[in-house]
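Shown next: target-v4.txt, containing compact mmCIF, C-alpha atoms.
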```txt
# COMPACT_ATOMS: atom_id res chain seq x y z
CA MET A 1414 4.77 3.30 33.38
CA ARG A 1415 7.56 2.07 35.67
CA ARG A 1416 8.88 -1.30 34.55
CA ALA A 1417 12.25 -1.55 36.28
CA SER A 1418 14.79 0.62 38.04
CA LEU A 1419 18.20 0.94 36.40
CA PRO A 1420 21.00 3.39 37.30
CA ARG A 1421 21.99 6.06 34.78
CA THR A 1422 25.36 4.34 34.26
CA GLY A 1423 23.50 1.29 33.02
CA ALA A 1424 23.10 3.05 29.65
CA LEU A 1425 26.84 2.76 29.06
CA ALA A 1426 26.70 -0.97 29.63
CA VAL A 1427 23.77 -1.27 27.24
CA ALA A 1428 25.59 0.69 24.54
CA ALA A 1429 28.73 -1.40 24.93
CA THR A 1430 26.75 -4.62 24.69
CA LEU A 1431 24.93 -3.53 21.54
CA MET A 1432 28.08 -2.33 19.81
CA CYS A 1433 29.73 -5.72 20.23
CA ALA A 1434 27.60 -7.06 17.40
CA ALA A 1435 29.84 -5.58 14.68
CA PRO A 1436 32.39 -8.06 13.28
CA ALA A 1437 36.09 -7.40 13.61
CA SER A 1438 37.12 -7.92 9.98
CA ALA A 1439 35.70 -6.85 6.64
CA SER A 1440 37.19 -5.71 3.35
CA ASP A 1441 34.34 -4.18 1.35
CA HIS A 1442 33.28 -0.74 2.60
CA ASP A 1443 30.90 1.96 1.36
CA ALA A 1444 29.86 5.41 2.54
CA GLN A 1445 26.11 6.02 2.42
CA VAL A 1446 23.37 8.42 3.52
CA TRP A 1447 19.96 7.13 4.62
CA GLY A 1448 16.97 9.38 5.21
CA SER A 1449 13.48 8.53 6.38
CA ILE A 1450 10.20 10.16 7.35
CA THR A 1451 7.80 8.33 9.68
CA ALA A 1452 4.33 9.80 10.11
CA THR A 1453 1.90 8.41 12.70
CA THR A 1454 -1.70 9.24 13.51
CA ALA A 1455 -4.27 7.73 15.87
CA LEU A 1456 -7.14 5.78 14.33
CA ALA A 1457 -8.63 4.99 17.73
CA GLN A 1458 -7.61 5.20 21.39
CA LYS A 1459 -5.31 2.18 21.13
CA VAL A 1460 -4.77 1.99 17.36
CA ASP A 1461 -2.16 3.93 15.34
CA ALA A 1462 -1.61 4.10 11.59
CA THR A 1463 1.95 4.74 10.38
CA LEU A 1464 3.53 5.49 7.01
CA GLU A 1465 7.30 5.30 6.53
CA LEU A 1466 9.21 6.63 3.50
CA HIS A 1467 12.90 5.69 3.15
CA SER A 1468 15.53 6.80 0.63
CA ARG A 1469 19.06 5.37 0.71
CA TYR A 1470 22.02 6.85 -1.19
CA THR A 1471 24.79 4.33 -1.90
CA ASP A 1472 28.17 3.94 -3.69
CA ASP A 1473 29.84 6.80 -1.82
CA VAL A 1474 26.53 8.72 -1.82
CA SER A 1475 26.58 8.93 -5.62
CA ARG A 1476 23.06 7.63 -6.36
CA VAL A 1477 19.79 6.37 -4.89
CA GLY A 1478 20.30 2.65 -4.29
CA GLN A 1479 17.09 1.79 -2.47
CA VAL A 1480 13.62 3.21 -1.78
CA LEU A 1481 11.12 1.78 0.73
CA ILE A 1482 7.46 2.54 1.42
CA ARG A 1483 6.10 0.93 4.61
CA PRO A 1484 2.49 1.44 5.82
CA SER A 1485 1.42 -0.30 9.04
CA VAL A 1486 -1.14 -0.45 11.85
CA THR A 1487 -0.24 -0.83 15.54
CA TYR A 1488 -2.47 -1.91 18.42
CA LYS A 1489 -1.23 -0.79 21.85
CA LEU A 1490 -1.46 -3.24 24.74
CA PRO A 1491 -0.94 -2.68 28.51
CA ARG A 1492 2.48 -2.55 30.18
CA GLY A 1493 4.38 -1.24 27.16
CA TRP A 1494 3.43 -4.07 24.80
CA SER A 1495 2.09 -3.68 21.26
CA VAL A 1496 1.34 -5.73 18.16
CA ALA A 1497 1.70 -4.42 14.61
CA GLY A 1498 1.49 -5.52 11.02
CA GLY A 1499 1.99 -4.01 7.60
CA TYR A 1500 3.36 -4.09 4.09
CA VAL A 1501 6.64 -2.91 2.51
CA TYR A 1502 7.45 -2.05 -1.08
CA VAL A 1503 11.21 -2.09 -1.74
CA ARG A 1504 12.93 -1.01 -4.94
CA THR A 1505 16.66 -1.79 -5.09
CA ARG A 1506 19.21 -1.00 -7.78
CA PHE A 1507 22.82 -2.11 -7.61
CA GLU A 1508 25.46 -0.37 -9.71
CA ASN A 1509 25.25 -1.19 -13.45
CA THR A 1510 22.25 -3.51 -13.02
CA LEU A 1511 18.52 -3.32 -13.54
CA ALA A 1512 16.38 -2.43 -10.53
CA ASN A 1513 14.36 -5.13 -8.79
CA ASP A 1514 11.17 -4.90 -6.78
CA GLU A 1515 10.39 -6.69 -3.55
CA HIS A 1516 7.12 -6.90 -1.65
CA ARG A 1517 6.94 -7.82 2.03
CA THR A 1518 4.25 -8.47 4.57
CA TRP A 1519 5.26 -8.40 8.21
CA GLN A 1520 4.07 -8.88 11.78
CA GLN A 1521 5.67 -7.47 14.93
CA VAL A 1522 5.54 -7.56 18.72
CA GLY A 1523 6.89 -4.55 20.64
CA TYR A 1524 7.74 -4.48 24.35
CA THR A 1525 9.52 -2.55 27.10
CA PHE A 1526 12.44 -4.08 28.97
CA ALA A 1527 12.90 -1.17 31.38
CA ALA A 1528 11.60 2.35 31.97
CA ASN A 1529 13.10 4.44 34.76
CA PRO A 1530 11.19 7.71 35.35
CA SER A 1531 13.89 9.10 37.67
CA THR A 1532 16.66 8.94 35.04
CA GLY A 1533 14.58 8.84 31.87
CA LEU A 1534 16.35 5.69 30.70
CA SER A 1535 14.21 3.41 28.58
CA ILE A 1536 15.10 0.10 26.93
CA THR A 1537 12.63 -1.28 24.41
CA GLY A 1538 12.59 -4.07 21.87
CA ARG A 1539 10.71 -5.36 18.88
CA THR A 1540 10.55 -8.77 17.22
CA ARG A 1541 9.47 -8.71 13.57
CA VAL A 1542 8.82 -11.52 11.08
CA GLU A 1543 8.79 -10.74 7.35
CA GLN A 1544 7.49 -12.64 4.34
CA ARG A 1545 9.42 -11.49 1.26
CA PHE A 1546 8.21 -11.82 -2.36
CA ARG A 1547 9.84 -11.03 -5.71
CA PRO A 1548 7.53 -10.76 -8.76
CA ASP A 1549 10.33 -11.94 -11.07
CA ALA A 1550 11.23 -15.08 -9.08
CA ASP A 1551 9.62 -17.96 -7.20
CA GLY A 1552 9.63 -18.57 -3.47
CA VAL A 1553 8.72 -16.73 -0.27
CA GLY A 1554 11.61 -15.70 1.94
CA TRP A 1555 10.98 -15.70 5.69
CA ARG A 1556 13.15 -13.43 7.83
CA LEU A 1557 13.35 -12.59 11.55
CA ARG A 1558 14.40 -9.12 12.71
CA GLN A 1559 15.28 -8.48 16.36
CA GLN A 1560 15.89 -4.93 17.59
CA VAL A 1561 16.87 -3.59 21.02
CA ARG A 1562 16.88 0.18 21.60
CA ALA A 1563 18.07 2.33 24.53
CA GLN A 1564 17.34 6.03 25.15
CA LEU A 1565 18.78 8.27 27.86
CA PRO A 1566 18.24 12.04 28.38
CA LEU A 1567 21.39 14.15 28.19
CA LYS A 1568 22.02 17.26 30.25
CA VAL A 1569 21.43 19.40 27.15
CA GLY A 1570 17.82 20.52 27.10
CA PRO A 1571 15.45 17.83 25.75
CA VAL A 1572 18.16 15.96 23.80
CA ARG A 1573 18.35 12.17 24.28
CA ALA A 1574 21.16 9.78 23.45
CA VAL A 1575 19.96 6.86 21.33
CA VAL A 1576 21.63 3.48 20.75
CA TRP A 1577 20.01 0.55 18.97
CA ASN A 1578 20.98 -2.74 17.39
CA GLU A 1579 19.02 -4.88 14.93
CA THR A 1580 19.94 -8.38 13.75
CA PHE A 1581 18.40 -9.92 10.60
CA VAL A 1582 18.12 -13.73 10.38
CA GLY A 1583 17.05 -15.56 7.24
CA LEU A 1584 14.80 -18.49 8.14
CA ASN A 1585 14.86 -20.22 4.74
CA THR A 1586 16.31 -20.00 1.23
CA THR A 1587 14.62 -19.20 -2.09
CA SER A 1588 15.62 -19.19 -5.74
CA TRP A 1589 16.54 -15.50 -5.39
CA ASP A 1590 17.99 -15.47 -1.86
CA ARG A 1591 20.29 -18.31 -0.86
CA HIS A 1592 21.34 -16.81 2.47
CA GLU A 1593 20.00 -18.66 5.52
CA GLY A 1594 21.04 -17.62 9.03
CA VAL A 1595 22.35 -14.21 10.16
CA ASP A 1596 22.01 -11.96 7.12
CA GLN A 1597 23.04 -8.57 8.48
CA VAL A 1598 23.54 -6.52 11.65
CA ARG A 1599 22.78 -2.82 12.05
CA THR A 1600 24.03 -0.69 14.95
CA PHE A 1601 23.05 2.97 15.39
CA VAL A 1602 24.50 5.64 17.71
CA GLY A 1603 22.96 9.10 17.67
CA VAL A 1604 20.66 11.57 19.37
CA SER A 1605 16.95 12.34 19.47
CA LEU A 1606 16.12 16.03 18.98
CA PRO A 1607 12.56 17.37 19.44
CA VAL A 1608 12.17 20.25 16.97
CA LYS A 1609 8.51 21.15 17.61
CA ASN A 1610 5.35 19.59 18.99
CA GLY A 1611 5.00 16.10 17.60
CA ILE A 1612 8.16 16.19 15.46
CA THR A 1613 11.50 14.60 16.39
CA VAL A 1614 14.71 14.23 14.39
CA GLU A 1615 17.23 11.42 15.01
CA PRO A 1616 20.59 11.93 13.28
CA GLY A 1617 23.54 9.65 13.87
CA TYR A 1618 25.96 7.01 12.62
CA LEU A 1619 24.64 3.66 11.42
CA ASN A 1620 26.92 0.68 10.82
CA GLN A 1621 25.43 -1.98 8.55
CA THR A 1622 27.36 -5.25 8.20
CA ILE A 1623 26.06 -7.64 5.54
CA PHE A 1624 27.25 -11.25 5.66
CA ARG A 1625 27.80 -13.02 2.36
CA ILE A 1626 30.11 -15.47 0.61
CA GLY A 1627 33.57 -13.93 0.66
CA PRO A 1628 34.31 -10.64 2.48
CA GLU A 1629 31.54 -9.00 4.45
CA ARG A 1630 30.03 -5.77 3.19
CA VAL A 1631 30.32 -2.92 5.72
CA ASN A 1632 28.35 0.27 5.07
CA HIS A 1633 29.19 3.43 7.02
CA ILE A 1634 26.00 5.46 7.02
CA PHE A 1635 24.95 8.92 8.08
CA ALA A 1636 21.31 8.35 9.00
CA ALA A 1637 18.75 11.11 9.54
CA ASN A 1638 15.26 9.99 10.58
CA ILE A 1639 12.28 12.30 11.06
CA PHE A 1640 9.35 11.17 13.23
CA ALA A 1641 6.05 13.08 13.15
CA ARG A 1642 2.85 12.43 15.06
CA PHE A 1643 -0.38 14.12 14.04
```
I'd like the structure from this file rewritten - as structure tokens, please.
Amino acid sequence: MRRASLPRTGALAVAATLMCAAPASASDHDAQVWGSITATTALAQKVDATLELHSRYTDDVSRVGQVLIRPSVTYKLPRGWSVAGGYVYVRTRFENTLANDEHRTWQQVGYTFAANPSTGLSITGRTRVEQRFRPDADGVGWRLRQQVRAQLPLKVGPVRAVVWNETFVGLNTTSWDRHEGVDQVRTFVGVSLPVKNGITVEPGYLNQTIFRIGPERVNHIFAANIFARF
């Protein structure tokens, strides 16, 4: 569906704008590898069910630092809009500490800023609100996540350039999370590669900057995401 007409060069401006989110100074860095598989199937004409599995290798890719399982349901609306909701189980282990579990419920609105059939450029967004629970501590943490994503076909077969940015904002504090305000920023630059019918791979570089008391934490991540639709 045609939403707006943007020139092909507009993708460069979008990428430059999104990349500006990374802070200029930080002193704590880590090399990581993140992998994910996202499987989606249709429950009805306008309803999809999705299951995401994430595994994240941290501390210079020496161990599994975090695992996520995220099931969800999405209802597709006209003109590129959608609403979704789901649950997330998160298990996190920092170096030399016991692992902790987190449970989240979340709600999301998805939308299309622009879709240009002549160039293939698309710019989409999603606004997600999470409710975060820890079984070993009191309090419900509320967090806002705002993502903007741009895709543009390259002159190399079906390959697309992909750039996205997501900002996390804590809306309150709890006994186990004292950070209110901008919590972290993620910026991804990579490509989308169709490998067969219904399966796409998106490898690329992901910069994750985590804001905290003292120096920021900056993670340099090779991310490889597999998307499958059945």
Of A:Phe1624, A:Phe1526, A:Trp1589, A:Trp1519, the one sitting nearest A:Asp1551 when using all atoms listed in the file is A:Trp1589
Please return, as a list in words, all polymer residues that have at least one atom within 9 Å of the point (15.1, -6.6, -7.9); use only C-alpha atoms and the file's own coordinate frame.
Val1503, Arg1504, Thr1505, Arg1506, Phe1507, Leu1511, Ala1512, Asn1513, Asp1514, Glu1515, Arg1547, Pro1548 and Asp1549 of chain A
Using only C-alpha atoms, which protein or nucleic acid residues come within 9 Å of A:Phe1581? Drop anything in the same chain fewer than 6 positions from it, and give the result as a list of chain:residue names.
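The residues that qualify are A:Arg1556, A:Leu1557, A:Arg1558, A:Gln1559, A:Gln1560, A:Gly1594, A:Val1595, A:Asp1596, A:Gln1597, A:Val1598, A:Arg1599.
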Report, in Å to a single decimal, how far apart atom CA of A:Gly1554 and atom CA of A:Val1522 are.
19.6 Å
Nearest to A:Glu1615: which of A:Ala1444, A:Ala1550, A:Val1486, A:Ile1450 is it, counting all atoms listed in the file?
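Using all atoms listed in the file, A:Glu1615 sits closest to A:Ile1450.
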Between A:Asn1578, A:Thr1471, A:Gln1564, A:Asn1509, which residue has the minimum interatomic distance to A:His1442, considering all atoms listed in the file?
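Of the candidates, the smallest distance to A:His1442 is held by A:Thr1471.
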Using all atoms listed in the file, which residue out of A:Leu1466, A:Leu1481, A:Leu1565, A:Leu1584 lies closest to A:Val1602?
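Smallest distance to A:Val1602 is found for A:Leu1565.
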Find the residue from A:Asn1632, A:Gln1458, A:Thr1540, A:Ser1535 that sits nearest to A:Asp1473; use all atoms listed in the file when measuring.
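For A:Asp1473, the nearest of the given residues is A:Asn1632.
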For atom CA of A:Gly1552 and atom CA of A:His1467, the interatomic separation in Å (one decimal)
25.4 Å
Determine the nearest neighbour of A:Val1576 from the options A:Leu1534, A:Ile1612, A:Val1501, A:Val1496, counting only C-alpha atoms.
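For A:Val1576, the nearest of the candidates is A:Leu1534.
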So the first atom is atom CA of A:Ala1527 and the second is atom CA of A:Thr1487; what is the distance between them in Å, to one decimal place?
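A separation of 20.6 Å between them.
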Around all listed atoms of stretch 1548-1561 of chain A, padded 8 Å per side, what centre and edge lengths does the axis-aligned box have in Å to one decimal, as JSON?
```
{"center_x": 12.2, "center_y": -11.1, "center_z": 5.0, "size_x": 25.3, "size_y": 31.0, "size_z": 48.1}
```
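With all atoms listed in the file taken into account, the protein and nucleic acid residues at most 9 Å from A:Phe1643 (excluding it and anything under 5 positions from it in its own chain) are A:Ala1452, A:Thr1453, A:Thr1454, A:Ala1455, A:Gly1611, A:Ile1612.
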Which residues are close to A:Val1604, i.e. within 8 Å by all atoms listed in the file, leaving aside same-chain residues fewer than 5 positions away? Reply as a PyMOL selection string.
chain A and resi 1572-1575+1615-1617
May I have the residues at most 10 Å from (1.1, -1.9, 25.7) in the file's coordinates, counting only C-alpha atoms, as number ranges by chain?
A: 1414, 1459, 1488-1496, 1523-1525
With C-alpha atoms kept, could you save the residues just selected as a PDB file, in the coordinates of the input?
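The result, written out as part_9.pdb:
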```pdb
ATOM      1  CA  MET A1414       4.770   3.300  33.380  1.00  0.00           C
ATOM      2  CA  LYS A1459      -5.310   2.180  21.130  1.00  0.00           C
ATOM      3  CA  TYR A1488      -2.470  -1.910  18.420  1.00  0.00           C
ATOM      4  CA  LYS A1489      -1.230  -0.790  21.850  1.00  0.00           C
ATOM      5  CA  LEU A1490      -1.460  -3.240  24.740  1.00  0.00           C
ATOM      6  CA  PRO A1491      -0.940  -2.680  28.510  1.00  0.00           C
ATOM      7  CA  ARG A1492       2.480  -2.550  30.180  1.00  0.00           C
ATOM      8  CA  GLY A1493       4.380  -1.240  27.160  1.00  0.00           C
ATOM      9  CA  TRP A1494       3.430  -4.070  24.800  1.00  0.00           C
ATOM     10  CA  SER A1495       2.090  -3.680  21.260  1.00  0.00           C
ATOM     11  CA  VAL A1496       1.340  -5.730  18.160  1.00  0.00           C
ATOM     12  CA  GLY A1523       6.890  -4.550  20.640  1.00  0.00           C
ATOM     13  CA  TYR A1524       7.740  -4.480  24.350  1.00  0.00           C
ATOM     14  CA  THR A1525       9.520  -2.550  27.100  1.00  0.00           C
TER      15      THR A1525
END
```
Identify, on the basis of all atoms listed in the file, every residue whose closest approach to A:Thr1600 does not exceed 6 Å; exclude the query and any residue fewer than 6 positions from it along the same chain; express the result as a ChimeraX atom specification.
/A:1577-1578,1619-1620
